file entry.cif (mmCIF, C-alpha atoms)
data_protein
#
loop_
_atom_site.label_atom_id
_atom_site.label_comp_id
_atom_site.auth_asym_id
_atom_site.auth_seq_id
_atom_site.Cartn_x
_atom_site.Cartn_y
_atom_site.Cartn_z
CA MET N 1 -47.61 -19.24 24.40
CA ASP N 2 -47.89 -15.43 24.44
CA LEU N 3 -45.32 -13.26 22.64
CA HIS N 4 -43.31 -12.39 25.74
CA ALA N 5 -43.01 -16.02 26.79
CA PHE N 6 -42.15 -17.06 23.24
CA CYS N 7 -39.32 -14.52 22.98
CA ARG N 8 -37.95 -15.70 26.32
CA SER N 9 -38.10 -19.35 25.24
CA LEU N 10 -36.69 -18.84 21.76
CA PRO N 11 -33.00 -19.88 21.54
CA LYS N 12 -31.28 -16.66 20.53
CA ILE N 13 -28.01 -15.50 18.96
CA GLU N 14 -26.36 -12.33 20.33
CA LEU N 15 -23.77 -10.87 17.95
CA HIS N 16 -23.39 -7.30 19.22
CA ALA N 17 -22.84 -6.98 22.97
CA HIS N 18 -20.27 -4.66 24.53
CA LEU N 19 -19.01 -6.06 27.81
CA ASN N 20 -18.95 -2.83 29.82
CA GLY N 21 -22.28 -1.62 28.44
CA SER N 22 -23.86 -4.97 29.27
CA VAL N 23 -23.09 -4.75 32.99
CA SER N 24 -26.31 -4.54 34.98
CA SER N 25 -26.89 -2.06 37.81
CA CYS N 26 -27.06 -5.05 40.18
CA THR N 27 -23.50 -6.05 39.23
CA LEU N 28 -22.27 -2.47 39.54
CA LYS N 29 -23.66 -2.27 43.06
CA LYS N 30 -21.83 -5.48 43.98
CA LEU N 31 -18.58 -4.05 42.62
CA ARG N 32 -18.98 -0.86 44.57
CA LYS N 33 -19.44 -2.78 47.81
CA LEU N 34 -16.25 -4.72 47.17
CA GLN N 35 -14.40 -1.37 46.94
CA PHE N 36 -11.71 -2.44 44.55
CA SER N 37 -8.42 -0.60 44.87
CA GLY N 38 -8.43 2.67 42.94
CA ALA N 39 -12.17 2.67 42.28
CA GLU N 40 -13.02 6.15 43.43
CA PHE N 41 -16.68 6.46 42.66
CA ASN N 42 -19.05 9.19 43.69
CA GLN N 43 -21.71 8.98 40.99
CA ASP N 44 -25.13 7.39 40.79
CA ILE N 45 -24.76 3.78 39.65
CA GLU N 46 -28.36 3.27 38.66
CA ASN N 47 -27.66 2.59 35.00
CA ASP N 48 -31.25 2.03 33.92
CA LYS N 49 -31.83 5.69 33.13
CA ASP N 50 -32.21 6.60 29.48
CA PRO N 51 -29.21 8.35 27.92
CA LEU N 52 -30.29 11.43 25.99
CA SER N 53 -27.46 11.47 23.45
CA LEU N 54 -24.43 9.58 22.22
CA GLU N 55 -22.29 11.84 24.40
CA GLU N 56 -24.23 10.91 27.54
CA PHE N 57 -24.05 7.26 26.56
CA PHE N 58 -20.26 7.34 26.49
CA GLU N 59 -20.27 9.14 29.83
CA SER N 60 -22.27 6.25 31.30
CA ILE N 61 -19.64 3.80 30.05
CA ASP N 62 -16.99 5.84 31.86
CA ILE N 63 -18.92 5.18 35.08
CA VAL N 64 -18.59 1.43 34.51
CA HIS N 65 -14.86 1.81 33.85
CA GLN N 66 -14.39 3.35 37.29
CA LEU N 67 -15.52 0.10 38.88
CA THR N 68 -13.77 -2.33 36.53
CA ASN N 69 -10.14 -1.39 37.03
CA THR N 70 -8.64 -4.75 38.06
CA PRO N 71 -8.53 -8.22 36.45
CA ASN N 72 -10.71 -9.53 39.28
CA ALA N 73 -13.38 -6.92 38.54
CA ILE N 74 -13.29 -7.71 34.83
CA PHE N 75 -13.60 -11.42 35.61
CA LYS N 76 -16.60 -10.83 37.88
CA VAL N 77 -18.51 -8.62 35.45
CA SER N 78 -17.78 -10.99 32.56
CA CYS N 79 -19.17 -13.92 34.53
CA ASP N 80 -22.29 -11.96 35.48
CA VAL N 81 -22.90 -10.73 31.94
CA ILE N 82 -22.54 -14.23 30.47
CA LYS N 83 -24.84 -15.67 33.13
CA GLU N 84 -27.52 -13.03 32.46
CA PHE N 85 -27.49 -13.77 28.73
CA TRP N 86 -27.65 -17.49 29.49
CA GLU N 87 -30.67 -16.91 31.75
CA ASP N 88 -32.31 -15.10 28.81
CA ASN N 89 -31.90 -18.29 26.74
CA VAL N 90 -29.12 -16.91 24.55
CA ILE N 91 -27.31 -19.94 23.13
CA TYR N 92 -24.50 -18.02 21.43
CA LEU N 93 -22.90 -14.82 22.67
CA GLU N 94 -20.17 -12.69 21.15
CA LEU N 95 -18.80 -10.31 23.74
CA ARG N 96 -16.70 -7.39 22.59
CA SER N 97 -14.45 -5.16 24.64
CA THR N 98 -11.56 -2.74 24.32
CA PRO N 99 -8.49 -3.86 26.33
CA ARG N 100 -7.70 -1.37 29.08
CA GLU N 101 -4.52 -0.72 30.98
CA VAL N 102 -4.74 0.65 34.51
CA GLU N 103 -1.40 1.72 35.90
CA GLY N 104 -0.39 -0.44 38.83
CA SER N 105 -3.49 -2.63 38.54
CA MET N 106 -3.89 -4.22 35.11
CA THR N 107 -2.23 -4.58 31.72
CA LYS N 108 -4.19 -4.92 28.49
CA LYS N 109 -3.24 -8.58 28.26
CA GLU N 110 -4.41 -9.19 31.82
CA TYR N 111 -7.70 -7.50 30.91
CA ILE N 112 -8.27 -9.92 28.04
CA LEU N 113 -7.12 -12.93 30.06
CA ALA N 114 -9.69 -12.08 32.74
CA ILE N 115 -12.48 -12.28 30.14
CA ILE N 116 -11.08 -15.54 28.77
CA ARG N 117 -11.01 -16.94 32.31
CA ALA N 118 -14.68 -15.99 32.74
CA ILE N 119 -15.59 -17.67 29.45
CA GLU N 120 -13.86 -20.85 30.60
CA MET N 121 -15.59 -20.71 33.99
CA CYS N 122 -18.99 -20.28 32.39
CA LYS N 123 -18.53 -23.33 30.20
CA ILE N 124 -19.15 -25.23 33.43
CA GLU N 125 -21.51 -22.92 35.32
CA CYS N 126 -23.64 -21.81 32.36
CA PRO N 127 -24.12 -24.84 30.12
CA ASN N 128 -25.65 -24.56 26.66
CA ILE N 129 -24.25 -21.12 25.86
CA LEU N 130 -21.28 -20.78 23.53
CA VAL N 131 -19.27 -17.59 24.12
CA LYS N 132 -16.62 -15.96 21.92
CA LEU N 133 -14.67 -12.72 22.26
CA LEU N 134 -14.06 -9.83 19.89
CA ILE N 135 -11.26 -7.44 20.81
CA SER N 136 -12.43 -3.89 20.22
CA VAL N 137 -10.55 -1.02 18.66
CA ASN N 138 -11.81 2.34 19.92
CA ARG N 139 -11.46 4.81 17.07
CA LYS N 140 -11.35 7.72 19.53
CA HIS N 141 -8.09 6.47 21.07
CA GLY N 142 -6.11 7.00 17.88
CA TYR N 143 -3.82 5.03 15.58
CA ASP N 144 -1.17 3.96 18.10
CA ALA N 145 -3.73 2.49 20.52
CA ALA N 146 -5.53 0.77 17.64
CA LYS N 147 -2.26 -0.74 16.41
CA GLU N 148 -1.41 -1.97 19.91
CA ASN N 149 -4.81 -3.59 20.40
CA ILE N 150 -4.74 -5.24 16.99
CA GLU N 151 -1.24 -6.61 17.55
CA LEU N 152 -2.43 -7.97 20.90
CA ALA N 153 -5.45 -9.57 19.25
CA ILE N 154 -3.34 -11.19 16.53
CA SER N 155 -0.88 -12.52 19.10
CA MET N 156 -3.50 -13.89 21.52
CA HIS N 157 -5.70 -15.29 18.74
CA LYS N 158 -2.99 -17.85 18.02
CA GLU N 159 -3.19 -19.22 21.56
CA TYR N 160 -6.80 -18.62 22.63
CA LEU N 161 -9.43 -20.02 20.29
CA ASP N 162 -12.20 -18.03 22.01
CA ILE N 163 -10.75 -14.83 20.50
CA VAL N 164 -12.38 -14.82 17.08
CA GLY N 165 -12.51 -11.27 15.79
CA ILE N 166 -12.05 -7.52 15.90
CA ASP N 167 -14.69 -4.91 16.62
CA LEU N 168 -14.22 -1.39 15.27
CA SER N 169 -16.18 0.85 17.63
CA GLY N 170 -16.03 4.00 19.74
CA ASP N 171 -17.40 7.51 19.35
CA PRO N 172 -18.41 7.75 15.66
CA THR N 173 -17.81 11.51 15.64
CA GLN N 174 -14.11 11.11 16.35
CA GLY N 175 -11.08 9.28 15.00
CA ASP N 176 -10.43 7.04 12.03
CA VAL N 177 -11.51 3.57 10.87
CA PHE N 178 -7.97 2.13 10.48
CA ILE N 179 -8.70 0.13 7.32
CA GLU N 180 -5.06 -0.91 6.85
CA LEU N 181 -4.86 -2.25 10.41
CA LEU N 182 -8.12 -4.16 10.04
CA ASP N 183 -6.77 -5.73 6.87
CA LYS N 184 -3.89 -7.23 8.88
CA CYS N 185 -6.46 -8.95 11.10
CA ARG N 186 -8.29 -10.37 8.12
CA LYS N 187 -5.07 -11.88 6.76
CA VAL N 188 -4.50 -13.91 9.95
CA GLY N 189 -8.05 -15.24 10.10
CA LEU N 190 -9.68 -12.82 12.53
CA LYS N 191 -13.23 -11.82 11.59
CA ILE N 192 -14.21 -8.15 11.53
CA SER N 193 -17.32 -6.35 12.72
CA ALA N 194 -17.32 -2.60 12.08
CA HIS N 195 -19.65 0.01 13.55
CA CYS N 196 -20.90 1.94 10.57
CA ALA N 197 -23.01 5.04 9.88
CA GLU N 198 -24.06 5.82 13.46
CA VAL N 199 -23.84 9.44 12.31
CA PRO N 200 -24.06 10.79 8.74
CA ASN N 201 -20.67 10.44 6.98
CA GLU N 202 -21.09 9.30 3.40
CA ILE N 203 -17.41 8.98 2.47
CA GLU N 204 -16.54 6.95 5.56
CA VAL N 205 -19.56 4.68 5.10
CA MET N 206 -18.50 4.00 1.51
CA ASP N 207 -14.96 3.20 2.65
CA ILE N 208 -16.21 0.74 5.26
CA ILE N 209 -18.65 -1.02 2.94
CA ASN N 210 -16.01 -1.26 0.21
CA PHE N 211 -13.65 -2.88 2.73
CA LYS N 212 -16.31 -5.60 3.17
CA PRO N 213 -16.16 -6.42 6.89
CA ASP N 214 -17.79 -9.70 7.90
CA ARG N 215 -20.56 -7.76 9.66
CA LEU N 216 -21.63 -4.15 10.11
CA GLY N 217 -22.94 -2.59 13.31
CA HIS N 218 -26.00 -0.32 13.31
CA CYS N 219 -25.88 1.31 9.83
CA THR N 220 -28.31 3.84 11.24
CA CYS N 221 -27.67 6.71 8.82
CA VAL N 222 -27.67 4.81 5.53
CA HIS N 223 -31.28 4.94 4.34
CA PRO N 224 -32.32 8.29 2.82
CA ASN N 225 -35.10 8.69 5.41
CA LEU N 226 -32.54 8.53 8.24
CA GLY N 227 -29.74 10.84 7.17
CA GLY N 228 -28.25 8.65 4.44
CA SER N 229 -28.93 8.49 0.73
CA GLN N 230 -30.36 6.13 -1.85
CA LEU N 231 -26.83 5.69 -3.17
CA LEU N 232 -25.60 4.46 0.21
CA PHE N 233 -28.60 2.25 0.82
CA ASP N 234 -28.31 0.60 -2.59
CA MET N 235 -24.60 0.09 -1.95
CA LEU N 236 -25.34 -1.62 1.36
CA LEU N 237 -27.98 -3.87 -0.22
CA ARG N 238 -25.59 -4.92 -2.99
CA SER N 239 -22.88 -5.73 -0.45
CA LYS N 240 -25.01 -8.38 1.32
CA ILE N 241 -22.98 -7.68 4.49
CA PRO N 242 -25.04 -8.72 7.55
CA VAL N 243 -26.10 -5.82 9.77
CA GLU N 244 -26.32 -6.00 13.57
CA LEU N 245 -29.45 -4.07 14.57
CA CYS N 246 -29.97 -2.72 18.09
CA LEU N 247 -33.39 -1.08 18.31
CA THR N 248 -33.50 0.12 21.90
CA SER N 249 -29.94 1.46 21.73
CA ASN N 250 -30.72 3.50 18.63
CA VAL N 251 -33.99 4.87 19.98
CA LYS N 252 -32.64 5.78 23.42
CA CYS N 253 -29.54 7.43 21.94
CA LYS N 254 -31.85 9.22 19.51
CA THR N 255 -29.97 8.13 16.40
CA VAL N 256 -33.43 7.11 15.14
CA PRO N 257 -36.54 9.07 16.19
CA SER N 258 -38.72 6.07 17.15
CA TYR N 259 -39.08 2.31 17.00
CA GLU N 260 -41.55 2.59 14.14
CA SER N 261 -39.06 4.55 12.03
CA HIS N 262 -36.15 2.21 12.75
CA HIS N 263 -34.26 1.08 9.67
CA PHE N 264 -35.00 -2.56 10.52
CA LYS N 265 -38.05 -2.27 8.29
CA TYR N 266 -36.07 -1.13 5.23
CA LEU N 267 -33.51 -3.91 5.54
CA TYR N 268 -36.08 -6.58 6.37
CA GLU N 269 -38.38 -5.62 3.52
CA ASN N 270 -35.45 -5.89 1.11
CA GLY N 271 -34.37 -9.29 2.42
CA HIS N 272 -31.00 -7.98 3.60
CA PRO N 273 -29.15 -10.24 6.07
CA LEU N 274 -29.57 -8.95 9.62
CA CYS N 275 -29.54 -9.96 13.25
CA ILE N 276 -31.18 -8.53 16.36
CA SER N 277 -28.83 -7.50 19.19
CA THR N 278 -28.78 -5.60 22.47
CA ASP N 279 -25.64 -3.44 22.08
CA ASP N 280 -25.47 -2.45 25.78
CA LYS N 281 -28.20 -4.23 27.72
CA GLY N 282 -27.10 -2.80 31.08
CA VAL N 283 -27.03 0.83 30.01
CA PHE N 284 -30.29 0.55 28.09
CA ASN N 285 -32.07 -1.74 30.56
CA THR N 286 -33.04 -4.30 27.94
CA SER N 287 -32.53 -7.95 27.00
CA LEU N 288 -32.34 -9.87 23.75
CA SER N 289 -35.79 -11.32 24.43
CA GLU N 290 -37.12 -7.77 24.77
CA GLU N 291 -35.48 -6.72 21.50
CA PHE N 292 -37.19 -9.60 19.69
CA ARG N 293 -40.49 -8.64 21.27
CA LEU N 294 -40.07 -5.03 20.13
CA VAL N 295 -39.37 -6.15 16.57
CA SER N 296 -42.56 -8.19 16.57
CA GLN N 297 -44.62 -5.42 18.18
CA HIS N 298 -43.54 -2.58 15.92
CA PHE N 299 -43.15 -4.39 12.60
CA GLY N 300 -45.84 -7.05 12.78
CA LEU N 301 -43.55 -10.07 12.71
CA LYS N 302 -45.02 -13.43 13.63
CA LYS N 303 -43.39 -16.00 15.89
CA GLU N 304 -42.14 -17.99 12.92
CA ASP N 305 -40.52 -14.82 11.54
CA LEU N 306 -38.65 -14.30 14.81
CA ASN N 307 -37.56 -17.92 14.72
CA ASP N 308 -36.26 -17.45 11.18
CA ILE N 309 -34.25 -14.38 12.22
CA SER N 310 -32.67 -16.32 15.07
CA LYS N 311 -31.80 -19.24 12.81
CA ALA N 312 -30.37 -17.00 10.08
CA SER N 313 -28.20 -15.20 12.63
CA VAL N 314 -26.28 -18.41 13.24
CA GLN N 315 -24.76 -18.10 9.77
CA PHE N 316 -23.27 -14.70 10.64
CA ALA N 317 -21.61 -15.90 13.85
CA PHE N 318 -17.81 -16.04 14.01
CA VAL N 319 -17.67 -19.77 14.69
CA THR N 320 -16.79 -22.98 12.87
CA GLU N 321 -19.19 -24.78 10.55
CA GLU N 322 -19.49 -27.54 13.14
CA GLU N 323 -20.49 -25.02 15.81
CA LYS N 324 -23.00 -23.44 13.44
CA ALA N 325 -24.57 -26.85 12.83
CA LYS N 326 -24.96 -27.44 16.57
CA LEU N 327 -26.52 -24.02 17.16
CA THR N 328 -28.91 -24.48 14.24
CA ALA N 329 -29.95 -27.86 15.61
CA VAL N 330 -30.91 -26.27 18.94
CA ILE N 331 -33.17 -23.74 17.19
CA ASN N 332 -34.67 -26.43 14.94
CA ASN N 333 -35.47 -28.54 17.97
CA PHE N 334 -37.29 -25.57 19.50
CA CYS N 335 -39.51 -25.37 16.44
#

call {"tool": "encode", "arguments": {"input": "entry.cif", "output": "structure tokens"}}
result
Amino acid sequence: MDLHAFCRSLPKIELHAHLNGSVSSCTLKKLRKLQFSGAEFNQDIENDKDPLSLEEFFESIDIVHQLTNTPNAIFKVSCDVIKEFWEDNVIYLELRSTPREVEGSMTKKEYILAIIRAIEMCKIECPNILVKLLISVNRKHGYDAAKENIELAISMHKEYLDIVGIDLSGDPTQGDVFIELLDKCRKVGLKISAHCAEVPNEIEVMDIINFKPDRLGHCTCVHPNLGGSQLLFDMLLRSKIPVELCLTSNVKCKTVPSYESHHFKYLYENGHPLCISTDDKGVFNTSLSEEFRLVSQHFGLKKEDLNDISKASVQFAFVTEEEKAKLTAVINNFC
């Protein structure tokens, strides 16, 4: 089996996938044809072009928002995204998304319920993929919006078991990290994944690592060769907090200069817990299989190494021990 076929066949664990960024151009075209109420859209919807900066990346997400302004639209894109991951032989998927309110069309709770409905639907239509949801807090939107989203997550978590955690995300150059709000989530059993060090900010990175989220996203600017410092890198290594790594996302947004210089190599060489993820497969025109292939190509990993990464990632998933055992069994059977 060649490397491409192996990566496609390998049962994979996706722990960092933003719903709106994962919407393919094919799905966007379908949404445009349906002409949902209020979806005024005059821009190019070919979302396989490479963003040139973080700013342009967030602009591309705004394009997706224009076409996902009703519960029905959110349901449809969620179903499509789950199905596409399933077709890529992803056996566990954590979707993350910031609840949005659209006046006259959708409340934040309706937004979340639409995703939950899609997860339930796909339990039938896409067998052998387990899907969970993280409710995102966009740091750019400020404290009040973060508090509202977290209160919604805590409330809905009690009723909907598929809601398992909180994702701290958004433009890393703006806003706060809301440590005290995230601590409330931890106390009620919600897991926490926090985007960290996408831009240099030593004090903030220290605050996040000291808070000890369950996982960290990116950690791009931690190593001294990538805008961080030895102090920060040593602090991260001591923490043993698993890091969600998204190679194509980082390269295309130019937060790392190339695949070869990606901080995967520093974490992997030091035995730090990590997982491979897509971030926004629609925007970046990638797949989890492709991300595994890139890791092998640029860092010389063998097939058994890729298998080990997939198996280790199960332990970082926000699921029960019973669910972890089932996922691990699937990967072991592949071996």

call {"tool": "resolve_selection", "arguments": {"input": "entry.cif", "expression": "the PyMOL selection byres ((chain N and resi 7) around 10)", "output": "list in words"}}
result
Met1, Asp2, Leu3, His4, Ala5, Phe6, Arg8, Ser9, Leu10, Pro11, Lys12, Asp88, Asn89, Leu288, Ser289, Glu290, Glu291, Phe292, Arg293, Leu294, Ser296, Lys303, Leu306 and Asn307 of chain N

call {"tool": "residues_around", "arguments": {"input": "entry.cif", "residues": "N:Lys108", "least_positions_apart": "4", "cutoff": "9 Å", "atoms": "all atoms listed in the file", "output": "list in words"}}
result
Thr98, Pro99, Arg100, Glu101, Val102, Ile112, Leu113, Asn149 and Leu152 of chain N

call {"tool": "atom_distance", "arguments": {"input": "entry.cif", "atom1": "atom CA of N:Phe334", "atom2": "atom CA of N:Ser78"}}
result
27.6 Å

call {"tool": "closest_residue", "arguments": {"input": "entry.cif", "among": "N:Ala325, N:Ile154, N:Phe211, N:Asp62", "to": "N:Gly21", "atoms": "only C-alpha atoms"}}
result
N:Asp62

call {"tool": "closest_residue", "arguments": {"input": "entry.cif", "among": "N:Leu133, N:Val319, N:Ala146, N:Met106", "to": "N:Asp162", "atoms": "only C-alpha atoms"}}
result
N:Leu133
